file run-v1.cif (mmCIF, N, CA, C and O atoms)
data_run
#
loop_
_atom_site.label_atom_id
_atom_site.label_comp_id
_atom_site.auth_asym_id
_atom_site.auth_seq_id
_atom_site.Cartn_x
_atom_site.Cartn_y
_atom_site.Cartn_z
N MET K 12 -29.68 -0.27 -8.80
CA MET K 12 -28.84 -0.46 -9.96
C MET K 12 -27.38 -0.61 -9.50
O MET K 12 -26.87 0.24 -8.79
N PRO K 13 -26.69 -1.69 -9.91
CA PRO K 13 -25.32 -1.90 -9.46
C PRO K 13 -24.37 -0.88 -10.07
O PRO K 13 -24.55 -0.43 -11.20
N LYS K 14 -23.37 -0.54 -9.28
CA LYS K 14 -22.35 0.39 -9.76
C LYS K 14 -21.43 -0.32 -10.74
O LYS K 14 -21.07 -1.47 -10.53
N THR K 15 -21.04 0.36 -11.78
CA THR K 15 -20.08 -0.20 -12.72
C THR K 15 -18.74 0.45 -12.47
O THR K 15 -18.66 1.59 -12.02
N ALA K 16 -17.70 -0.27 -12.77
CA ALA K 16 -16.35 0.26 -12.57
C ALA K 16 -16.09 1.39 -13.55
O ALA K 16 -16.42 1.30 -14.72
N ASN K 17 -15.53 2.47 -13.03
CA ASN K 17 -15.16 3.59 -13.87
C ASN K 17 -13.64 3.60 -14.01
O ASN K 17 -12.94 3.93 -13.06
N PRO K 18 -13.10 3.23 -15.19
CA PRO K 18 -11.66 3.13 -15.35
C PRO K 18 -10.92 4.43 -15.08
O PRO K 18 -9.74 4.41 -14.80
N SER K 19 -11.58 5.56 -15.16
CA SER K 19 -10.88 6.82 -14.94
C SER K 19 -10.60 7.07 -13.47
O SER K 19 -9.85 7.95 -13.12
N GLN K 20 -11.21 6.30 -12.59
CA GLN K 20 -11.00 6.46 -11.15
C GLN K 20 -9.95 5.47 -10.68
O GLN K 20 -10.21 4.29 -10.55
N ASN K 21 -8.72 5.95 -10.42
CA ASN K 21 -7.63 5.18 -9.84
C ASN K 21 -7.18 3.96 -10.63
O ASN K 21 -6.02 3.65 -10.65
N GLU K 22 -8.08 3.22 -11.23
CA GLU K 22 -7.71 2.00 -11.91
C GLU K 22 -8.10 2.08 -13.37
O GLU K 22 -9.24 2.31 -13.70
N SER K 23 -7.14 1.87 -14.24
CA SER K 23 -7.46 1.83 -15.66
C SER K 23 -7.46 0.37 -16.11
O SER K 23 -6.92 -0.50 -15.45
N ILE K 24 -8.08 0.13 -17.23
CA ILE K 24 -8.17 -1.22 -17.77
C ILE K 24 -6.84 -1.65 -18.36
O ILE K 24 -6.44 -2.79 -18.25
N LEU K 25 -6.12 -0.71 -18.98
CA LEU K 25 -4.81 -1.00 -19.57
C LEU K 25 -3.73 -0.29 -18.77
O LEU K 25 -3.89 0.86 -18.38
N LEU K 26 -2.64 -1.00 -18.53
CA LEU K 26 -1.54 -0.47 -17.73
C LEU K 26 -0.31 -0.21 -18.59
O LEU K 26 0.02 -1.03 -19.45
N ASN K 27 0.40 0.87 -18.31
CA ASN K 27 1.66 1.11 -18.99
C ASN K 27 2.77 0.38 -18.25
O ASN K 27 2.56 -0.22 -17.20
N VAL K 28 3.97 0.42 -18.79
CA VAL K 28 5.09 -0.33 -18.22
C VAL K 28 5.40 0.11 -16.79
O VAL K 28 5.75 -0.71 -15.94
N HIS K 29 5.24 1.39 -16.49
CA HIS K 29 5.51 1.88 -15.14
C HIS K 29 4.50 1.34 -14.13
O HIS K 29 4.86 0.99 -13.00
N SER K 30 3.24 1.25 -14.53
CA SER K 30 2.20 0.70 -13.64
C SER K 30 2.41 -0.78 -13.39
O SER K 30 2.24 -1.26 -12.26
N VAL K 31 2.80 -1.52 -14.43
CA VAL K 31 3.07 -2.96 -14.27
C VAL K 31 4.27 -3.14 -13.34
O VAL K 31 4.25 -3.98 -12.45
N ALA K 32 5.30 -2.34 -13.55
CA ALA K 32 6.50 -2.42 -12.71
C ALA K 32 6.15 -2.17 -11.24
O ALA K 32 6.65 -2.86 -10.34
N LYS K 33 5.28 -1.21 -11.00
CA LYS K 33 4.87 -0.90 -9.63
C LYS K 33 4.13 -2.08 -9.00
O LYS K 33 4.37 -2.43 -7.85
N LEU K 34 3.25 -2.72 -9.77
CA LEU K 34 2.52 -3.88 -9.26
C LEU K 34 3.47 -5.04 -8.95
O LEU K 34 3.26 -5.78 -7.98
N LEU K 35 4.50 -5.20 -9.78
CA LEU K 35 5.44 -6.31 -9.60
C LEU K 35 6.56 -5.99 -8.63
O LEU K 35 7.27 -6.90 -8.20
N GLY K 36 6.75 -4.71 -8.32
CA GLY K 36 7.83 -4.32 -7.44
C GLY K 36 9.19 -4.44 -8.10
O GLY K 36 10.16 -4.89 -7.49
N CYS K 37 9.24 -4.08 -9.38
CA CYS K 37 10.50 -4.14 -10.12
C CYS K 37 10.62 -2.91 -11.01
O CYS K 37 9.76 -2.04 -10.98
N SER K 38 11.66 -2.86 -11.80
CA SER K 38 11.88 -1.71 -12.68
C SER K 38 11.13 -1.88 -14.00
O SER K 38 10.83 -3.01 -14.41
N PRO K 39 10.82 -0.77 -14.67
CA PRO K 39 10.21 -0.87 -16.00
C PRO K 39 11.09 -1.66 -16.98
O PRO K 39 10.57 -2.40 -17.82
N ARG K 40 12.40 -1.54 -16.84
CA ARG K 40 13.30 -2.29 -17.72
C ARG K 40 13.12 -3.80 -17.52
O ARG K 40 13.12 -4.57 -18.49
N HIS K 41 12.94 -4.22 -16.28
CA HIS K 41 12.74 -5.65 -16.00
C HIS K 41 11.42 -6.12 -16.61
O HIS K 41 11.34 -7.24 -17.14
N VAL K 42 10.40 -5.29 -16.54
CA VAL K 42 9.10 -5.64 -17.16
C VAL K 42 9.30 -5.84 -18.65
O VAL K 42 8.81 -6.82 -19.23
N ARG K 43 10.03 -4.95 -19.30
CA ARG K 43 10.28 -5.09 -20.74
C ARG K 43 11.05 -6.38 -21.05
O ARG K 43 10.77 -7.06 -22.04
N ARG K 44 12.01 -6.71 -20.19
CA ARG K 44 12.77 -7.95 -20.39
C ARG K 44 11.87 -9.18 -20.27
O ARG K 44 11.97 -10.12 -21.05
N LEU K 45 11.00 -9.18 -19.24
CA LEU K 45 10.06 -10.29 -19.07
C LEU K 45 9.14 -10.43 -20.29
O LEU K 45 8.91 -11.53 -20.78
N ALA K 46 8.66 -9.30 -20.77
CA ALA K 46 7.76 -9.32 -21.92
C ALA K 46 8.49 -9.81 -23.18
O ALA K 46 7.96 -10.64 -23.93
N ASP K 47 9.71 -9.31 -23.39
CA ASP K 47 10.49 -9.72 -24.56
C ASP K 47 10.82 -11.21 -24.54
O ASP K 47 10.90 -11.85 -25.58
N ALA K 48 11.00 -11.75 -23.33
CA ALA K 48 11.33 -13.17 -23.18
C ALA K 48 10.08 -14.06 -23.19
O ALA K 48 10.19 -15.29 -23.12
N GLY K 49 8.89 -13.46 -23.24
CA GLY K 49 7.65 -14.23 -23.23
C GLY K 49 7.33 -14.84 -21.87
O GLY K 49 6.62 -15.83 -21.79
N LYS K 50 7.83 -14.23 -20.81
CA LYS K 50 7.64 -14.77 -19.46
C LYS K 50 6.49 -14.12 -18.70
O LYS K 50 6.34 -14.34 -17.51
N MET K 51 5.71 -13.31 -19.39
CA MET K 51 4.56 -12.67 -18.76
C MET K 51 3.48 -12.51 -19.83
O MET K 51 3.74 -12.75 -21.01
N PRO K 52 2.27 -12.13 -19.43
CA PRO K 52 1.21 -11.95 -20.45
C PRO K 52 1.65 -10.96 -21.54
O PRO K 52 2.38 -10.00 -21.28
N ARG K 53 1.20 -11.23 -22.73
CA ARG K 53 1.55 -10.38 -23.87
C ARG K 53 0.90 -9.01 -23.74
O ARG K 53 -0.25 -8.89 -23.34
N PRO K 54 1.64 -7.99 -24.12
CA PRO K 54 1.05 -6.64 -24.10
C PRO K 54 0.16 -6.41 -25.32
O PRO K 54 0.24 -7.14 -26.31
N VAL K 55 -0.64 -5.39 -25.21
CA VAL K 55 -1.47 -4.92 -26.32
C VAL K 55 -0.71 -3.75 -26.94
O VAL K 55 -0.28 -2.85 -26.23
N LYS K 56 -0.53 -3.77 -28.24
CA LYS K 56 0.17 -2.68 -28.90
C LYS K 56 -0.84 -1.79 -29.61
O LYS K 56 -1.62 -2.25 -30.43
N LEU K 57 -0.82 -0.52 -29.25
CA LEU K 57 -1.71 0.48 -29.83
C LEU K 57 -0.83 1.51 -30.54
O LEU K 57 -0.41 2.48 -29.94
N GLY K 58 -0.51 1.23 -31.78
CA GLY K 58 0.44 2.08 -32.48
C GLY K 58 1.80 1.92 -31.83
O GLY K 58 2.32 0.83 -31.71
N ALA K 59 2.36 3.01 -31.35
CA ALA K 59 3.65 2.97 -30.67
C ALA K 59 3.52 2.67 -29.18
O ALA K 59 4.52 2.42 -28.52
N LEU K 60 2.30 2.67 -28.66
CA LEU K 60 2.08 2.43 -27.23
C LEU K 60 2.04 0.94 -26.91
O LEU K 60 1.52 0.15 -27.70
N VAL K 61 2.57 0.57 -25.77
CA VAL K 61 2.52 -0.81 -25.29
C VAL K 61 1.80 -0.80 -23.95
O VAL K 61 2.19 -0.07 -23.04
N ARG K 62 0.74 -1.58 -23.86
CA ARG K 62 -0.06 -1.62 -22.63
C ARG K 62 -0.38 -3.07 -22.29
O ARG K 62 -0.41 -3.94 -23.16
N TRP K 63 -0.65 -3.32 -21.01
CA TRP K 63 -1.03 -4.64 -20.54
C TRP K 63 -2.42 -4.56 -19.94
O TRP K 63 -2.78 -3.58 -19.30
N SER K 64 -3.18 -5.62 -20.10
CA SER K 64 -4.50 -5.72 -19.49
C SER K 64 -4.33 -5.85 -17.98
O SER K 64 -3.60 -6.74 -17.50
N ARG K 65 -4.96 -4.96 -17.23
CA ARG K 65 -4.88 -5.02 -15.76
C ARG K 65 -5.34 -6.39 -15.27
O ARG K 65 -4.70 -6.99 -14.42
N GLN K 66 -6.43 -6.90 -15.81
CA GLN K 66 -6.97 -8.18 -15.35
C GLN K 66 -5.99 -9.32 -15.63
O GLN K 66 -5.77 -10.18 -14.77
N GLU K 67 -5.37 -9.33 -16.81
CA GLU K 67 -4.41 -10.39 -17.13
C GLU K 67 -3.20 -10.34 -16.20
O GLU K 67 -2.72 -11.38 -15.75
N ILE K 68 -2.72 -9.14 -15.91
CA ILE K 68 -1.57 -9.00 -15.01
C ILE K 68 -1.95 -9.44 -13.60
O ILE K 68 -1.20 -10.18 -12.95
N GLU K 69 -3.10 -9.02 -13.11
CA GLU K 69 -3.53 -9.42 -11.77
C GLU K 69 -3.74 -10.93 -11.67
O GLU K 69 -3.35 -11.55 -10.67
N ASP K 70 -4.31 -11.53 -12.71
CA ASP K 70 -4.49 -12.99 -12.72
C ASP K 70 -3.14 -13.70 -12.74
O ASP K 70 -2.94 -14.69 -12.04
N TRP K 71 -2.20 -13.19 -13.53
CA TRP K 71 -0.87 -13.76 -13.63
C TRP K 71 -0.15 -13.69 -12.27
O TRP K 71 0.48 -14.66 -11.85
N ILE K 72 -0.27 -12.57 -11.59
CA ILE K 72 0.34 -12.41 -10.27
C ILE K 72 -0.31 -13.39 -9.28
O ILE K 72 0.38 -14.05 -8.50
N ALA K 73 -1.64 -13.52 -9.34
CA ALA K 73 -2.35 -14.43 -8.44
C ALA K 73 -1.93 -15.90 -8.65
O ALA K 73 -1.95 -16.69 -7.71
N GLN K 74 -1.52 -16.22 -9.87
CA GLN K 74 -1.06 -17.59 -10.18
C GLN K 74 0.41 -17.80 -9.83
O GLN K 74 0.97 -18.86 -10.09
N GLY K 75 1.05 -16.78 -9.28
CA GLY K 75 2.44 -16.90 -8.88
C GLY K 75 3.42 -16.54 -9.98
O GLY K 75 4.57 -16.96 -9.95
N CYS K 76 2.99 -15.77 -10.96
CA CYS K 76 3.83 -15.31 -12.07
C CYS K 76 4.51 -16.45 -12.81
O CYS K 76 5.74 -16.50 -12.91
N PRO K 77 3.73 -17.40 -13.34
CA PRO K 77 4.36 -18.50 -14.08
C PRO K 77 5.12 -17.98 -15.29
O PRO K 77 4.72 -17.01 -15.92
N ALA K 78 6.21 -18.62 -15.61
CA ALA K 78 7.12 -18.16 -16.66
C ALA K 78 6.53 -18.18 -18.06
O ALA K 78 7.03 -17.49 -18.94
N ASN K 79 5.48 -18.92 -18.28
CA ASN K 79 4.92 -18.98 -19.63
C ASN K 79 3.92 -17.88 -19.92
O ASN K 79 3.39 -17.78 -21.01
N GLY K 80 3.67 -16.98 -18.95
CA GLY K 80 2.78 -15.84 -19.17
C GLY K 80 1.39 -16.32 -19.35
O GLY K 80 0.47 -15.75 -19.65
#
call {"tool": "encode", "arguments": {"input": "run-v1.cif", "output": "structure tokens"}}
result
Amino acid sequence: MPKTANPSQNESILLNVHSVAKLLGCSPRHVRRLADAGKMPRPVKLGALVRWSRQEIEDWIAQGCPANG
């Protein structure tokens, strides 16, 4: 039986602004600016929380971070 990914181990499916900033090597403020300008994948809003899909961010980085998100 194949192993399934367990999001509670090291990698979660949704990333907060600090996790995205760490992946990009920039500040959380810069991540917010990119998101506000529409230059990165759109976040998911869960009430007051803002999160990004790990897969979307990783795919975006792999494509060279195109400005249209």
call {"tool": "select_by_dssp", "arguments": {"input": "run-v1.cif", "residues": "chain K", "states": "strand (DSSP E or B)", "output": "list in words"}}
result
Leu25, Leu26, Val55, Lys56, Leu57, Leu60, Val61, Arg62, Trp63 and Ser64 of chain K
call {"tool": "select_by_dssp", "arguments": {"input": "run-v1.cif", "residues": "range 16-74 of chain K", "states": "helix (DSSP H, G or I)", "output": "ChimeraX atom specification"}}
result
/K:28-35,39-47,65-73
call {"tool": "atom_distance", "arguments": {"input": "run-v1.cif", "atom1": "atom O of Pro54 in chain K", "atom2": "CA of Leu25 in chain K"}}
result
10.4 Å
call {"tool": "atom_distance", "arguments": {"input": "run-v1.cif", "atom1": "atom N of Val61 in chain K", "atom2": "CA of Val31 in chain K"}}
result
12.0 Å
call {"tool": "atom_distance", "arguments": {"input": "run-v1.cif", "atom1": "atom N of Ile72 in chain K", "atom2": "CA of Lys50 in chain K"}}
result
11.4 Å
call {"tool": "closest_residue", "arguments": {"input": "run-v1.cif", "among": "K:Leu60, K:Ala73, K:Leu26, K:Ala32", "to": "Arg44 in chain K", "atoms": "only C-alpha atoms"}}
result
K:Ala32
call {"tool": "closest_residue", "arguments": {"input": "run-v1.cif", "among": "K:Gly58, K:His29, K:Asp47, K:Arg53", "to": "Trp71 in chain K", "atoms": "only C-alpha atoms"}}
result
K:Arg53
call {"tool": "residues_near_point", "arguments": {"input": "run-v1.cif", "point": "(5.0, -17.7, -21.9)", "cutoff": "8 Å", "atoms": "only N, CA, C and O atoms", "output": "VMD selection string"}}
result
chain K and resid 45 to 46 48 to 53 77 to 80
call {"tool": "decode", "arguments": {"input": "run-v1.cif", "residues": "range 39-51 of chain K", "atoms": "all heavy atoms", "output": "CSV table (one decimal), in the first residue's frame"}}
result
chain,number,residue,atom,x,y,z
K,39,PRO,N,8.0,38.8,4.9
K,39,PRO,CA,6.6,38.7,4.8
K,39,PRO,C,5.9,39.9,4.2
K,39,PRO,O,4.9,39.8,3.5
K,39,PRO,CB,6.2,38.5,6.3
K,39,PRO,CG,7.4,37.9,6.9
K,39,PRO,CD,8.5,38.5,6.2
K,40,ARG,N,6.5,41.1,4.5
K,40,ARG,CA,5.9,42.3,3.9
K,40,ARG,C,6.0,42.3,2.4
K,40,ARG,O,5.0,42.7,1.7
K,40,ARG,CB,6.6,43.5,4.5
K,40,ARG,CG,6.0,44.8,4.0
K,40,ARG,CD,6.7,46.0,4.6
K,40,ARG,NE,6.2,47.2,4.0
K,40,ARG,CZ,5.9,48.3,4.6
K,40,ARG,NH1,6.1,48.4,5.9
K,40,ARG,NH2,5.4,49.3,4.0
K,41,HIS,N,7.1,41.8,1.8
K,41,HIS,CA,7.2,41.7,0.4
K,41,HIS,C,6.2,40.7,-0.2
K,41,HIS,O,5.7,41.0,-1.3
K,41,HIS,CB,8.7,41.3,0.0
K,41,HIS,CG,9.0,41.4,-1.4
K,41,HIS,ND1,9.0,42.6,-2.1
K,41,HIS,CD2,9.2,40.4,-2.4
K,41,HIS,CE1,9.2,42.4,-3.4
K,41,HIS,NE2,9.3,41.1,-3.6
K,42,VAL,N,6.0,39.6,0.5
K,42,VAL,CA,5.0,38.6,0.0
K,42,VAL,C,3.6,39.3,0.0
K,42,VAL,O,2.9,39.2,-1.0
K,42,VAL,CB,5.0,37.4,1.0
K,42,VAL,CG1,3.8,36.5,0.6
K,42,VAL,CG2,6.3,36.6,0.9
K,43,ARG,N,3.3,40.1,1.0
K,43,ARG,CA,2.0,40.8,1.0
K,43,ARG,C,1.9,41.8,-0.2
K,43,ARG,O,0.9,41.9,-0.8
K,43,ARG,CB,1.8,41.5,2.3
K,43,ARG,CG,1.5,40.5,3.4
K,43,ARG,CD,1.1,41.3,4.7
K,43,ARG,NE,1.2,40.4,5.9
K,43,ARG,CZ,2.2,40.3,6.7
K,43,ARG,NH1,3.3,41.0,6.6
K,43,ARG,NH2,2.1,39.4,7.7
K,44,ARG,N,3.0,42.5,-0.5
K,44,ARG,CA,3.0,43.4,-1.6
K,44,ARG,C,2.8,42.7,-2.9
K,44,ARG,O,2.1,43.2,-3.8
K,44,ARG,CB,4.4,44.2,-1.6
K,44,ARG,CG,4.5,45.2,-0.5
K,44,ARG,CD,5.8,45.9,-0.7
K,44,ARG,NE,6.1,46.8,0.4
K,44,ARG,CZ,7.2,47.1,0.9
K,44,ARG,NH1,8.3,46.6,0.3
K,44,ARG,NH2,7.4,48.0,1.9
K,45,LEU,N,3.5,41.6,-3.1
K,45,LEU,CA,3.4,40.8,-4.3
K,45,LEU,C,1.9,40.3,-4.5
K,45,LEU,O,1.3,40.4,-5.6
K,45,LEU,CB,4.3,39.6,-4.3
K,45,LEU,CG,5.8,39.8,-4.5
K,45,LEU,CD1,6.6,38.5,-4.2
K,45,LEU,CD2,6.1,40.3,-5.9
K,46,ALA,N,1.3,39.8,-3.4
K,46,ALA,CA,0.0,39.4,-3.4
K,46,ALA,C,-1.0,40.5,-3.7
K,46,ALA,O,-1.9,40.4,-4.6
K,46,ALA,CB,-0.4,38.7,-2.1
K,47,ASP,N,-0.8,41.6,-3.1
K,47,ASP,CA,-1.7,42.8,-3.3
K,47,ASP,C,-1.6,43.3,-4.8
K,47,ASP,O,-2.6,43.8,-5.3
K,47,ASP,CB,-1.4,43.9,-2.4
K,47,ASP,CG,-1.8,43.6,-0.9
K,47,ASP,OD1,-2.5,42.7,-0.7
K,47,ASP,OD2,-1.3,44.3,0.0
K,48,ALA,N,-0.4,43.2,-5.4
K,48,ALA,CA,-0.2,43.6,-6.7
K,48,ALA,C,-0.6,42.6,-7.8
K,48,ALA,O,-0.6,42.8,-9.0
K,48,ALA,CB,1.2,44.0,-6.9
K,49,GLY,N,-1.0,41.4,-7.3
K,49,GLY,CA,-1.5,40.3,-8.2
K,49,GLY,C,-0.3,39.7,-9.0
K,49,GLY,O,-0.5,39.1,-10.0
K,50,LYS,N,0.9,39.8,-8.4
K,50,LYS,CA,2.1,39.2,-9.0
K,50,LYS,C,2.5,37.8,-8.6
K,50,LYS,O,3.6,37.4,-8.9
K,50,LYS,CB,3.3,40.2,-8.8
K,50,LYS,CG,3.1,41.5,-9.4
K,50,LYS,CD,4.3,42.4,-9.3
K,50,LYS,CE,4.1,43.7,-10.0
K,50,LYS,NZ,5.2,44.6,-9.9
K,51,MET,N,1.6,37.2,-7.8
K,51,MET,CA,1.9,35.8,-7.4
K,51,MET,C,0.5,35.1,-7.3
K,51,MET,O,-0.5,35.8,-7.4
K,51,MET,CB,2.6,35.8,-6.0
K,51,MET,CG,1.8,36.4,-4.9
K,51,MET,SD,2.7,36.4,-3.3
K,51,MET,CE,2.9,34.7,-3.0
